[in-house]
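Single-structure report; data block below.
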Amino acid sequence: MLLFSMAYGSLALKIPLSFMAQNEFFTSRTMPYALAVLGMIIALLILVMPTADPAGKRSLKEETRGMDWKTAILLVVGMIGYGMLMKWLGFIISSILFLLCGFYILGERRIKRMLLASIPLVILLWFVMSSLLGVYIAPGELFYTLGVL
Amino acid sequence: MWDGMINGMLTGISTTMIPMNIGMVLFGCFMGSLIGMLPGLGPITAVALMIPVTYGLEPSTGMVLLAGVYYGAIFGGSTSSILINAPGEAATVATALDGYPLARQGYPGKALAIAAYASFSGGTISVIMLMFFAPMLASVATSFQSADYFALMILGLTAVSAFAGRGGVLKALLMVVLGLMLATVGTDQTSGVQRFTFGSLELLDGIEFLLLAMATFALTEALSIVLKRDESSDSLKPKMIGFKSLKVTKKEFKQIAPTIGRSSLLGFIIGVLPGAGATLGSFMAYGMERNIAKPEDRENFGKGSLIGLAAPEAGNNAASSGSFVPLLCLGIPGSGTTAVMLGALIAYGIEPGPRMFTESPEVFWGVIMSMYLGNIFLLILNLPLIPYFARLLAIPRNLMVPMILFFSLMGVYLVTFNDFDILMMVLFCVAAMALRLMNFPMAPLLLGFILGGLMEDNLRRALLIYDESISFMWERPLTLGINLATLFILFFPMLRSFIASRRNNTNKTLSAS
């Protein structure tokens, strides 16, 4: 957080100011400057001050011992994939794929259960949004590229 | 004043009694109970998940729905606390202390019924007080100037940090600053200058508050379930809780009635304090009841005491209604959940603050009056549905977690229709997860983010009025009073530990001599 505050402060220096604004007391840079300084002071205090916890400051390794990193990372990758596929495959197909992958990553192997938990849910949501609420959900660009639509 | 209040109540009743709004109160309570009941998910997540649904609605209808979701989720959290000892969030931890032992003794139905009655009473008593105090505060607050608002926002942000608990004040303050930093991303509304956009068109309008709320709460809470291998719901073997087991005897009612009254009053007062919220309300009500209980009753605390169950339930529901006072009257959220609701209000185009009382009375009074209805719905909905709700707790996490992730991502996508937002959500989720692992709280971040823009605007305006001098911080008596309260809240924990250490030293000296 100390590094983040420093980086934020240095980026605040690059906020463009008009000629008129340069003579003003409160500019677009004022608040970011103040926040960067405040962030650095508090981050330094956290680093320097002793902890109130009688067990002392626990390292990140101790805090995260025994955690299921592999599954969590795979889910994050799945979410990134969902975001990237949405534009190309459209809402319905990418959502079904995301749900199926999610179920699989978390250990579900019963195909029927996976399909029943994903396809009706996504189709129902799509129907509610597009047909009942009148929200236009664009189909995937892949369909245009292939000439299907 | 009374005329205004009666007129307002009538406005509120006519707003609430629209069939659409009645339906939304019912839907909100149901969805809140459902989401709040899922282990790991609390009211902030529940409210954030439901915001996309409200975007097409009238502001008053949307707020009525979100209020229903809020107190529904608080009640839902109690169910998972009682049945599987897995509180959805901190506000229902105290409920598990006696609720879970009572359920294990073979009285899960009784425990759930007492929780439902205590929640109903706490919520209703609190709404009556809200109805009287909110307009009074709102009418006083109309004389507030930019300087007072700026000071009030600092007070709200400081209070949230100060109540973060021992050792967590600095971390919470740092999260507030981080939230304020994120609020500066985008085009500066006054000068039109782009800040921290890195040339990206998607960042020109700043970061969408819903995106941040979903990423820091819904997504991270779902990932926490996976990371921490929380399989509490998997191990549940839901026995059918029969309707007969929900019966509470007259003697038991008599035993818990005074507790409910006291806890509701205390909960409301705590809820009104900015930053305190339902968690403190439930723990303080539990602590107060344990301290004043007869010795034979005190021994039962932690072993399935009915008083120990009723106190936090009445306390947290009363506090959650109380937290609407600063939100509706001052536009300052008192808790993480009300911060999310404030974001929703801003998204509806309503300027939160005392002017909302006069400019949007249908929202102000509609929310208050709908709470009566919501509390009744919660009781009549939850008591018969408890046996069925209990079965939902058995949804295995390998189906539940991907669905939570999907609803969160989809909730944001269907509002913005921008796939860049999904990627940004994942980025914020990973960063929030890392911060959570280092015990940085997320609610102050969201509060800072939502108040950031308003704070900068008010500071700018106050400086303009006072000839670019910050003397308004001490020259204006009201601002000075608020600033002194901020200083007191900030230094109170330090003062308390100083007094405690002095007392310890004195005791040691006395025992040595």
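Ordering of the structure tokens sets the chain letters (A, B, ...), residue numbers begin anew at 1 in every chain, and ligands are numbered from 1 in the order given.
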- Task: Pull out every residue of chain A sitting within 6 Å of chain B, counting only C-alpha atoms, and send them as JSON, numbers by chain.
- Result: {"A": [15, 52, 67, 68, 80, 83, 99, 102, 103, 106]}
Write to file, as a short mmCIF file (atom, residue, chain, number, x, y, z; two decimals), in the first residue's frame, the residues of the selection just made, with N, CA and C atoms.
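Listed below is the output, selection-v1.cif:
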```cif
data_model
loop_
_atom_site.label_atom_id
_atom_site.label_comp_id
_atom_site.auth_asym_id
_atom_site.auth_seq_id
_atom_site.Cartn_x
_atom_site.Cartn_y
_atom_site.Cartn_z
N ILE A 15 -1.25 14.86 -13.71
CA ILE A 15 -2.62 15.29 -14.08
C ILE A 15 -2.52 16.64 -14.78
N ALA A 52 -1.36 -4.84 17.88
CA ALA A 52 -2.13 -5.01 19.12
C ALA A 52 -2.36 -6.50 19.42
N MET A 67 -4.63 -23.08 2.43
CA MET A 67 -5.69 -22.58 1.55
C MET A 67 -5.65 -23.27 0.19
N ASP A 68 -6.84 -23.35 -0.42
CA ASP A 68 -6.96 -24.05 -1.69
C ASP A 68 -6.68 -23.08 -2.85
N ILE A 80 -11.77 -14.62 -16.08
CA ILE A 80 -11.11 -13.84 -17.13
C ILE A 80 -11.56 -14.36 -18.50
N GLY A 83 -14.99 -13.17 -19.36
CA GLY A 83 -14.97 -11.77 -19.82
C GLY A 83 -14.49 -11.65 -21.25
N LEU A 99 -20.35 -21.47 -16.34
CA LEU A 99 -20.95 -22.25 -15.24
C LEU A 99 -20.46 -23.70 -15.26
N GLY A 102 -16.98 -23.79 -14.01
CA GLY A 102 -16.97 -23.55 -12.57
C GLY A 102 -17.34 -24.80 -11.80
N PHE A 103 -18.40 -25.46 -12.22
CA PHE A 103 -18.83 -26.70 -11.55
C PHE A 103 -17.71 -27.75 -11.62
N LEU A 106 -14.75 -27.06 -9.34
CA LEU A 106 -15.05 -27.32 -7.93
C LEU A 106 -15.35 -28.80 -7.65
#
```
- Message: I'd like the neighbourhood of range 122-136 of chain A as a list in words, where a residue qualifies if any of its atoms comes within 9 Å (using only C-alpha atoms), though same-chain residues fewer than 6 positions away should be ignored.
- Response: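 Final neighbour list, sorted by chain and number: Phe91, Ile92, Ile93, Ser95 and Ile96 of chain A; Gly56 and Leu414 of chain B.
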- CA of Ser80 in chain B to CA of Arg110 in chain A: how many Å, to one decimal? 27.0 Å
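Comparing the minimum interatomic distances between Phe449 in chain B and each of B:Phe377, B:Tyr100, B:Phe75, B:Phe209, counting only C-alpha atoms, we find that B:Phe209 sits nearest.
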- Task: Please run DSSP on the backbone and report, as a ChimeraX atom specification, all residues within chain A that come out as alpha helix (DSSP H).
- Result: /A:2-12,30-48,60-63,69-105,111-127,141-145
- Query: Which residue, A:Phe25, A:Tyr33, A:Tyr8, A:Trp88, has the smallest gap to Leu142 in chain A when you use only C-alpha atoms?
  - Reply: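 Going through A:Phe25, A:Tyr33, A:Tyr8, A:Trp88 one by one, the smallest distance to Leu142 in chain A is for A:Trp88.
By chain and then residue number, the residues within 12 Å of Trp474 in chain B are Ala147, Asp148, Ala151, Tyr466, Ser469, Ile470, Ser471, Pro477, Leu478, Thr479, Leu480, Gly481, Ile482, Asn483 and Leu484 of chain B, counting only C-alpha atoms and disregarding those fewer than 3 positions away in sequence.
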For the selection just defined, write its residues with N, CA and C atoms to a file, as a PDB file, in the first residue's frame.
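Generated output (out.pdb):
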```pdb
ATOM      1  N   ALA B 147     -19.261  23.114   4.325  1.00  0.00           N
ATOM      2  CA  ALA B 147     -18.231  22.876   5.349  1.00  0.00           C
ATOM      3  C   ALA B 147     -18.687  21.793   6.329  1.00  0.00           C
ATOM      4  N   ASP B 148     -19.970  21.854   6.715  1.00  0.00           N
ATOM      5  CA  ASP B 148     -20.498  20.860   7.663  1.00  0.00           C
ATOM      6  C   ASP B 148     -20.553  19.481   7.012  1.00  0.00           C
ATOM      7  N   ALA B 151     -17.129  18.017   6.923  1.00  0.00           N
ATOM      8  CA  ALA B 151     -16.769  17.545   8.267  1.00  0.00           C
ATOM      9  C   ALA B 151     -17.552  16.276   8.617  1.00  0.00           C
ATOM     10  N   TYR B 466     -15.025  30.310   1.850  1.00  0.00           N
ATOM     11  CA  TYR B 466     -14.159  30.880   2.889  1.00  0.00           C
ATOM     12  C   TYR B 466     -12.841  31.424   2.321  1.00  0.00           C
ATOM     13  N   SER B 469      -9.488  29.441   2.441  1.00  0.00           N
ATOM     14  CA  SER B 469      -8.874  29.212   3.752  1.00  0.00           C
ATOM     15  C   SER B 469      -9.584  28.032   4.421  1.00  0.00           C
ATOM     16  N   ILE B 470      -8.808  27.210   5.112  1.00  0.00           N
ATOM     17  CA  ILE B 470      -9.453  26.067   5.775  1.00  0.00           C
ATOM     18  C   ILE B 470      -9.955  26.435   7.176  1.00  0.00           C
ATOM     19  N   SER B 471     -10.029  27.748   7.421  1.00  0.00           N
ATOM     20  CA  SER B 471     -10.475  28.206   8.744  1.00  0.00           C
ATOM     21  C   SER B 471     -11.910  27.772   9.059  1.00  0.00           C
ATOM     22  N   PRO B 477     -19.180  27.102  14.226  1.00  0.00           N
ATOM     23  CA  PRO B 477     -19.383  26.277  15.434  1.00  0.00           C
ATOM     24  C   PRO B 477     -19.848  24.850  15.133  1.00  0.00           C
ATOM     25  N   LEU B 478     -20.771  24.712  14.187  1.00  0.00           N
ATOM     26  CA  LEU B 478     -21.284  23.375  13.876  1.00  0.00           C
ATOM     27  C   LEU B 478     -20.180  22.485  13.311  1.00  0.00           C
ATOM     28  N   THR B 479     -19.394  23.054  12.396  1.00  0.00           N
ATOM     29  CA  THR B 479     -18.279  22.288  11.804  1.00  0.00           C
ATOM     30  C   THR B 479     -17.281  21.921  12.901  1.00  0.00           C
ATOM     31  N   LEU B 480     -17.013  22.876  13.776  1.00  0.00           N
ATOM     32  CA  LEU B 480     -16.066  22.617  14.869  1.00  0.00           C
ATOM     33  C   LEU B 480     -16.574  21.474  15.753  1.00  0.00           C
ATOM     34  N   GLY B 481     -17.871  21.508  16.054  1.00  0.00           N
ATOM     35  CA  GLY B 481     -18.465  20.452  16.883  1.00  0.00           C
ATOM     36  C   GLY B 481     -18.311  19.085  16.234  1.00  0.00           C
ATOM     37  N   ILE B 482     -18.569  19.020  14.942  1.00  0.00           N
ATOM     38  CA  ILE B 482     -18.443  17.733  14.223  1.00  0.00           C
ATOM     39  C   ILE B 482     -16.980  17.289  14.223  1.00  0.00           C
ATOM     40  N   ASN B 483     -16.067  18.259  14.025  1.00  0.00           N
ATOM     41  CA  ASN B 483     -14.641  17.911  14.005  1.00  0.00           C
ATOM     42  C   ASN B 483     -14.169  17.407  15.366  1.00  0.00           C
ATOM     43  N   LEU B 484     -14.698  18.008  16.431  1.00  0.00           N
ATOM     44  CA  LEU B 484     -14.321  17.548  17.776  1.00  0.00           C
ATOM     45  C   LEU B 484     -14.821  16.117  18.005  1.00  0.00           C
TER      46      LEU B 484
END
```
